[in-house]
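See below for the structure under consideration.
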Amino acid sequence: MEKQRLKHLYLYKQMLKRKFIRPPESGFTLIEVLIGLVLMAIVGLVFTSALQFTGRDYQTVRLLNRASRVATSEVETLKDMAARGDFTDIKNNAAGAHPEYNITWEVTDYTINSAGKVVKAKTGDDVYLKEVTITVAHKTHKDISVVRIIRVGPR
């Protein structure tokens with residue numbers, strides 16, 4: 001048995017010398033390394049573009065949130081005017097100035113007709129209700145705007 005094992009070992013060594021059998025290789029070839037680098041570059045580009053889109057979306061949401069807060073502030077100003085008794089001072093484009101946003105008010109006057117229904121007021125009618133459409137639009141990003149509609153009456 002030992003003789004047979006030695007014979008197989010001798011034949012194996014002879015085949016290695018004559019290169020009939022190759023010893024196992026270790027490590028990566030240059031082609032494998034280059035393919036790995038190309039794949040990593042492609043994955044990196046995908047993640048980079050995804051981060052750019054996320055950054056743009058974050059900027060848009062931040063500007064919309066700010067516009068919403070400005071519109072809410074205008075609503076509070078309008079309520080305060082009505083509560084102070086300045087109901088007649090609520091007019092178109094009576095909004096204040098803002099450095100980043102254009103703010104406009106569009107006021108529609110309403111009255112109560114003889115049937116007791118609320119209708120749009122005509123010239124000379126007593127005004128009992130005002131509907132104000134507040135639009136807050138960003139000055140440079142034209143696609144960012146917020147609209148609030150509120151109805152107020154005299155106090």
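Order determines the names: the first chain of the structure tokens is A, the second B, and so forth; residues in each chain are numbered 1 upward, and ligands are numbered 1 upward as they are shown.
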Quick one: residues within 9 Å of range 129-140 of chain A, only C-alpha atoms counted, chain neighbours fewer than 5 positions away excluded, as number ranges by chain? A: 63-64, 67-68, 70-71, 74-75, 78, 87, 90-92, 95, 99-112, 118, 145-154
All strand (DSSP E or B) residues (DSSP, backbone) inside range 53-137 of chain A, as a list in words: Tyr101, Asn102, Ile103, Thr104, Trp105, Glu106, Val107, Thr108, Asp109, Tyr110, Thr111, Ile112, Val118, Val119, Lys120, Leu129, Lys130, Glu131, Val132, Thr133, Ile134, Thr135, Val136 and Ala137 of chain A
Keeping only N, CA and C atoms, write the selected residues to a file as a PDB file, in the first residue's frame.
ATOM      1  N   TYR A 101     -40.298  85.905  -1.949  1.00  0.00           N
ATOM      2  CA  TYR A 101     -41.573  85.504  -2.534  1.00  0.00           C
ATOM      3  C   TYR A 101     -42.396  86.711  -2.973  1.00  0.00           C
ATOM      4  N   ASN A 102     -43.137  86.530  -4.064  1.00  0.00           N
ATOM      5  CA  ASN A 102     -44.144  87.507  -4.487  1.00  0.00           C
ATOM      6  C   ASN A 102     -45.463  87.102  -3.829  1.00  0.00           C
ATOM      7  N   ILE A 103     -46.090  88.038  -3.122  1.00  0.00           N
ATOM      8  CA  ILE A 103     -47.328  87.746  -2.405  1.00  0.00           C
ATOM      9  C   ILE A 103     -48.435  88.615  -2.991  1.00  0.00           C
ATOM     10  N   THR A 104     -49.531  87.972  -3.389  1.00  0.00           N
ATOM     11  CA  THR A 104     -50.664  88.737  -3.918  1.00  0.00           C
ATOM     12  C   THR A 104     -51.945  88.308  -3.213  1.00  0.00           C
ATOM     13  N   TRP A 105     -52.829  89.264  -3.042  1.00  0.00           N
ATOM     14  CA  TRP A 105     -54.165  89.016  -2.490  1.00  0.00           C
ATOM     15  C   TRP A 105     -55.178  89.337  -3.579  1.00  0.00           C
ATOM     16  N   GLU A 106     -56.110  88.438  -3.795  1.00  0.00           N
ATOM     17  CA  GLU A 106     -57.242  88.730  -4.681  1.00  0.00           C
ATOM     18  C   GLU A 106     -58.495  88.654  -3.825  1.00  0.00           C
ATOM     19  N   VAL A 107     -59.176  89.776  -3.698  1.00  0.00           N
ATOM     20  CA  VAL A 107     -60.309  89.885  -2.787  1.00  0.00           C
ATOM     21  C   VAL A 107     -61.609  89.891  -3.585  1.00  0.00           C
ATOM     22  N   THR A 108     -62.541  89.059  -3.162  1.00  0.00           N
ATOM     23  CA  THR A 108     -63.887  89.044  -3.736  1.00  0.00           C
ATOM     24  C   THR A 108     -64.861  89.425  -2.624  1.00  0.00           C
ATOM     25  N   ASP A 109     -65.672  90.447  -2.859  1.00  0.00           N
ATOM     26  CA  ASP A 109     -66.641  90.914  -1.860  1.00  0.00           C
ATOM     27  C   ASP A 109     -67.951  90.146  -2.007  1.00  0.00           C
ATOM     28  N   TYR A 110     -68.564  89.816  -0.866  1.00  0.00           N
ATOM     29  CA  TYR A 110     -69.856  89.112  -0.858  1.00  0.00           C
ATOM     30  C   TYR A 110     -70.854  89.897  -0.011  1.00  0.00           C
ATOM     31  N   THR A 111     -72.094  89.739  -0.362  1.00  0.00           N
ATOM     32  CA  THR A 111     -73.182  90.370   0.393  1.00  0.00           C
ATOM     33  C   THR A 111     -74.281  89.328   0.587  1.00  0.00           C
ATOM     34  N   ILE A 112     -75.335  89.737   1.306  1.00  0.00           N
ATOM     35  CA  ILE A 112     -76.473  88.841   1.522  1.00  0.00           C
ATOM     36  C   ILE A 112     -77.651  89.411   0.736  1.00  0.00           C
ATOM     37  N   VAL A 118     -75.784  84.159   0.423  1.00  0.00           N
ATOM     38  CA  VAL A 118     -74.531  84.889   0.216  1.00  0.00           C
ATOM     39  C   VAL A 118     -74.221  84.883  -1.281  1.00  0.00           C
ATOM     40  N   VAL A 119     -74.070  86.092  -1.855  1.00  0.00           N
ATOM     41  CA  VAL A 119     -73.774  86.238  -3.285  1.00  0.00           C
ATOM     42  C   VAL A 119     -72.681  87.291  -3.445  1.00  0.00           C
ATOM     43  N   LYS A 120     -72.061  87.295  -4.636  1.00  0.00           N
ATOM     44  CA  LYS A 120     -71.041  88.310  -4.912  1.00  0.00           C
ATOM     45  C   LYS A 120     -71.673  89.695  -4.881  1.00  0.00           C
ATOM     46  N   LEU A 129     -68.902  89.963   3.760  1.00  0.00           N
ATOM     47  CA  LEU A 129     -67.922  88.873   3.753  1.00  0.00           C
ATOM     48  C   LEU A 129     -66.926  89.131   2.635  1.00  0.00           C
ATOM     49  N   LYS A 130     -65.679  88.825   2.915  1.00  0.00           N
ATOM     50  CA  LYS A 130     -64.643  88.949   1.878  1.00  0.00           C
ATOM     51  C   LYS A 130     -63.935  87.605   1.752  1.00  0.00           C
ATOM     52  N   GLU A 131     -63.803  87.160   0.509  1.00  0.00           N
ATOM     53  CA  GLU A 131     -63.026  85.937   0.239  1.00  0.00           C
ATOM     54  C   GLU A 131     -61.695  86.387  -0.340  1.00  0.00           C
ATOM     55  N   VAL A 132     -60.620  85.990   0.323  1.00  0.00           N
ATOM     56  CA  VAL A 132     -59.289  86.418  -0.091  1.00  0.00           C
ATOM     57  C   VAL A 132     -58.499  85.193  -0.537  1.00  0.00           C
ATOM     58  N   THR A 133     -57.996  85.257  -1.767  1.00  0.00           N
ATOM     59  CA  THR A 133     -57.113  84.215  -2.291  1.00  0.00           C
ATOM     60  C   THR A 133     -55.693  84.744  -2.185  1.00  0.00           C
ATOM     61  N   ILE A 134     -54.907  84.112  -1.340  1.00  0.00           N
ATOM     62  CA  ILE A 134     -53.530  84.537  -1.105  1.00  0.00           C
ATOM     63  C   ILE A 134     -52.622  83.610  -1.915  1.00  0.00           C
ATOM     64  N   THR A 135     -51.808  84.197  -2.788  1.00  0.00           N
ATOM     65  CA  THR A 135     -50.860  83.417  -3.588  1.00  0.00           C
ATOM     66  C   THR A 135     -49.449  83.835  -3.212  1.00  0.00           C
ATOM     67  N   VAL A 136     -48.646  82.862  -2.851  1.00  0.00           N
ATOM     68  CA  VAL A 136     -47.247  83.102  -2.509  1.00  0.00           C
ATOM     69  C   VAL A 136     -46.414  82.333  -3.531  1.00  0.00           C
ATOM     70  N   ALA A 137     -45.679  83.052  -4.381  1.00  0.00           N
ATOM     71  CA  ALA A 137     -44.870  82.434  -5.437  1.00  0.00           C
ATOM     72  C   ALA A 137     -43.411  82.834  -5.260  1.00  0.00           C
TER      73      ALA A 137
END
Those in range 34-128 of chain A with alpha helix (DSSP H) from DSSP, as an MDAnalysis selection string: chainID A and resid 34:84
Proximity to Ile144 in chain A - best of A:Asn93, A:Thr60, A:Thr72, A:Asn113, only C-alpha atoms: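 Counting only C-alpha atoms, the residue closest to Ile144 in chain A is A:Thr60.
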